[in-house]
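Peer 1: Got a structure here, written out as structure tokens. Questions coming.
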Amino acid sequence: MNCKSLLAVSILLTFVAPAVAAPQVGKASRYCNPLPIVSSAGGSAAGDVTVIREQGKYYMYCTGGGAWVCDDMLNWTFHRVANVPVAPHVVRYKGSFYMCGNDSPLYKADHPLGPFTSLGPWKDTPDVAGGWNGAFDVDLFVDDDNQPYLYYSGKGVSGIYVVPLDPNDLTRFAGRPRRLFGFNPDHVWERYGQMNEYLDVAWIEGPWMQKYNGMYYLQYSASGTQWKTYASGYYTARSPLGPFEYAPNNPLLRRTDGIVTGPAHGCVVEGPDGKLWQFYTIVFSNPPGGRRVGMDRICFDRNGNMMVRITDTPQWAPGAVSDPNRGDSGSIPLSINKLRAMNARSQFSSERLGHYAAYAVDNSNGTWWEPEPNDAKPTLTIDLSPATRFDRVQLFTVDSVRLIFLPSRGRRYLGNTSSLQTAPGADRPVTNAYQYKVEVSLDGNEYSTVLDQTKNAATREIFFDEISPVECRFVRLSITNWPRTSPLGIIEFTVFGRPSRSLPAELPIPGMPR
């Protein structure tokens with residue numbers, strides 16, 4: 001081989017990336033919304049989420065106080081942080097970290113976890129205060145030229161504003177606030193109401209500015225967190241001050257059914273895979289106005305339109321796939337409504353009137369299963385393949401489960417509270433954590449344990465657990481211990497996996513091969 005040929009081979013080897021093996025369930029990491037973030041005294045992941053990346057670590061701040069830290073966007077550890085306001089926003093500027101929020105002063109720290117020291121309120125003056133009515137849902141954005149801007153909500157239908165800040169004192173305006181856009185009743189998704197039925201009422205809030213490929217993407221939220229129609233849209237511009245143009249594919253984030261509903265008011269951050277990720281608030285119907293946190297990949301089409309597919313099934317973790325469009329791991333919910341299916345062999349230990357066991361598998365965040373107070377070991381057995389004697393029995397390969405418990409704090413128990421202490425099992429070790437196990441079976445008689453969380457100590461209400469893929473027909477959930485501050489409630493138990501194979505029916509179906 002001559003020198004020219006060797007050079008050509010060398011160039012080819014340099015620029016052709018090695019093939020990346022496709023991730024496999026059970027081997028590559030996944031996540032599932034809502035994110036299973038640990039709650040703790042002094043902090044709650046109650047939406048209005050901001051995530052920043054600093055020296056390879058991620059810092060998450062939410063309404064509810066505190067902060068969470070991780071390096072993979074999967075395993076978040078809680079840290080106490082003082083002075084975290086409602087709808088917190090944190091940004092790094094000139095080597096320091098600035099935090100602000102609703103009706104709060106501007107804080108400054110040398111580290112993302114503080115301590116944060118107050119710099120006092122925004123020093124606006126009458127001659128530059130047009131449109132300024134206080135800090136609400138603020139977003140501090142630093143452009144590539146190091147010029148800082150403050151984006152904020154004007155409350156109600158007034159819309160989103162921006163004002164440049166003094167680079168030497170972020171508490172001072174460097175110009176007059178400018179209104180960028182307001183409520184447009186022609187944008188039906190912005191309207192108030194569970195069906196967006198209000199013609200002239202809305203709440204425009206939650207701005208977030210993201211610059212990508214020279215374009216400025218300004219996200220905002222409507223119609224309010226009391227509705228499942230809570231959603232996010234965006235405008236684009238070639239300058240941080242506008243003019244801004246309404247994106248043609250709005251709304252950006254919207255979903256009104258299933259487990260993940262009302263996605264809005266979030267942020268954008270670069271993941272460990274170098275791709276952009278969207279974090280957002282999730283609005284639950286139960287408890288009313290209850291909020292959680294979700295995340296999903298961001299994609300852009302050839303015209304530069306931003307896109308996010310909201311998910312509530314297991315997705316590949318950051319870095320598992322290079323193409324954002326291939327983030328779905330392929331596992332689907334297998335347990336929805338299986339307790340109410342005809343001929344189901346599903347079982348449950350007990351249920352309270354109005355909070356039926358079937359509500360644990362109805363794919364809704366507004367209902368819950370509540371066992372009887374004297375149920376010492378609540379169990380729920382799901383027949384994944386309800387079948388008559390004429391139907392083929394479908395077997396499934398189960399690979400993960402999601403479990404969402406009803407928050408105990410702040411609940412009002414209308415029953416006899418003394419029964420919580422006298423019920424069988426109340427003498428078990430006191431715990432603030434939910435503990436359980438999952439078993440599977442092919443025939444409904446012999447079970448094997450595939451997940452053991454009976455010693456769990458993590459104080460969270462949402463769990464996503466991977467299971468070594470196993471074929472089965474029946475899945476049994478056993479709750480072994482839980483906080484006794486209020487009755488046990490399970491909003492949803494979801495079994496994920498894929499169909500594997502079928503077994504012959506007990507009796508032949510005319511015209512059908514066995």
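Naming works like this for the structure tokens: A, B, ... for the chains as they're shown, residue 1 at the start of each chain, ligands 1 onward in shown order.
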Identify, on the basis of only C-alpha atoms, every residue whose closest approach to Arg473 (chain A) does not exceed 8 Å; exclude the query and any residue fewer than 6 positions from it along the same chain; express the result as JSON, numbers by chain.

Peer 2: {"A": [383, 384, 385, 394, 395, 396, 440, 441, 442, 443, 444]}

Peer 1: Can you write out as JSON lines which residues of region 325-429 of chain A fall within 10 Å of region 449-459 of chain A, alongside each residue's closest atom pair and its distance in Å to one decimal, counting only C-alpha atoms and ordering rows by chain and ascending residue number?

Peer 2:
```
{"residue": "A:Val398", "atom": "CA", "partner": "A:Val450", "partner_atom": "CA", "distance": 9.9}
{"residue": "A:Asp399", "atom": "CA", "partner": "A:Val450", "partner_atom": "CA", "distance": 9.7}
{"residue": "A:Ser400", "atom": "CA", "partner": "A:Leu451", "partner_atom": "CA", "distance": 9.3}
{"residue": "A:Val401", "atom": "CA", "partner": "A:Leu451", "partner_atom": "CA", "distance": 9.3}
```

Peer 1: Next, write the just-selected residues to a file, as an mmCIF file, in the first residue's frame, keeping C-alpha atoms as the atom set.

Peer 2:
```cif
data_model
loop_
_atom_site.group_PDB
_atom_site.id
_atom_site.type_symbol
_atom_site.label_atom_id
_atom_site.label_comp_id
_atom_site.auth_asym_id
_atom_site.auth_seq_id
_atom_site.Cartn_x
_atom_site.Cartn_y
_atom_site.Cartn_z
ATOM 1 C CA VAL A 398 -41.802 -7.462 32.768
ATOM 2 C CA ASP A 399 -38.795 -5.161 33.185
ATOM 3 C CA SER A 400 -39.754 -2.322 35.557
ATOM 4 C CA VAL A 401 -42.440 -0.883 37.822
#
```

Peer 1: Taking into account only C-alpha atoms, which residue in the set A:Leu253, A:Val138, A:Met306, A:Cys100 is nearest to Pro121 (chain A)?

Peer 2: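 Residue with the minimum atom-to-atom distance to Pro121 (chain A): A:Cys100.
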
Peer 1: Record the distance separating CA of Ala317 (chain A) and CA of Ser29 (chain A), expressed in Å with one decimal.

Peer 2: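 The value is 5.4 Å.
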
Peer 1: Considering only C-alpha atoms, give me a table of residues in region 231-340 of chain A that are at most 12 Å from region 152-172 of chain A, with the closest atom pair and distance in Å for each, as a tab-separated table.

Peer 2:
```
residue	atom	partner	partner_atom	distance
A:Tyr234	CA	A:Ile160	CA	11.1
A:Tyr235	CA	A:Ile160	CA	10.7
A:Ser239	CA	A:Val162	CA	11.7
A:Pro240	CA	A:Val162	CA	8.5
A:Leu241	CA	A:Val162	CA	7.0
A:Gly242	CA	A:Val162	CA	9.5
A:Pro243	CA	A:Val162	CA	11.5
A:Phe244	CA	A:Ile160	CA	11.0
A:His265	CA	A:Ser153	CA	11.7
```

Peer 1: Residues as selected, C-alpha atoms, written as a CSV table (one decimal), in the first residue's frame, can you do that?

Peer 2:
```csv
chain,number,residue,atom,x,y,z
A,234,TYR,CA,-42.4,29.7,23.1
A,235,TYR,CA,-41.5,32.7,21.0
A,239,SER,CA,-32.1,39.4,19.8
A,240,PRO,CA,-32.7,39.0,23.6
A,241,LEU,CA,-34.8,42.1,23.4
A,242,GLY,CA,-36.9,41.0,20.5
A,243,PRO,CA,-39.0,41.4,18.4
A,244,PHE,CA,-40.3,37.9,19.2
A,265,HIS,CA,-42.9,26.1,34.0
```

Peer 1: Quick one: pick out all strand (DSSP E) residues within region 241-347 of chain A from a backbone DSSP run and write them as an MDAnalysis selection string.

Peer 2: chainID A and resid 245:246 264:270 276:283 291:300 306:308 315:316 332:333 347

Peer 1: Between A:Met209, A:Leu119, A:Ala264, A:Met215, which is the closest to Val49 (chain A) once you count only C-alpha atoms?

Peer 2: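 The answer is A:Ala264, which sits nearest to Val49 (chain A).
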
Peer 1: Could you jot down the CA of Phe284 (chain A) to CA of Phe300 (chain A) separation for me, Å, one decimal place?

Peer 2: 28.5 Å

Peer 1: Give me the residues near Asp103 (chain A) as a VMD selection string, where near means some atom within 9 Å (using only C-alpha atoms) and where sequence neighbours in that chain fewer than 6 positions away do not count.

Peer 2: chain A and resid 85 to 86 121 134 to 136

Peer 1: So, with only C-alpha atoms as the atoms that count, which of A:Asn343, A:Ser500, A:Asn303, A:Ser350 lies closest to Phe390 (chain A)?

Peer 2: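 Between A:Asn343, A:Ser500, A:Asn303, A:Ser350, the residue approaching Phe390 (chain A) most closely is A:Asn343.
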
Peer 1: Please indicate the distance in Å from CA of Ile404 (chain A) to CA of Gln226 (chain A), rounded to one decimal place.

Peer 2: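 Those two atoms sit 20.3 Å apart.
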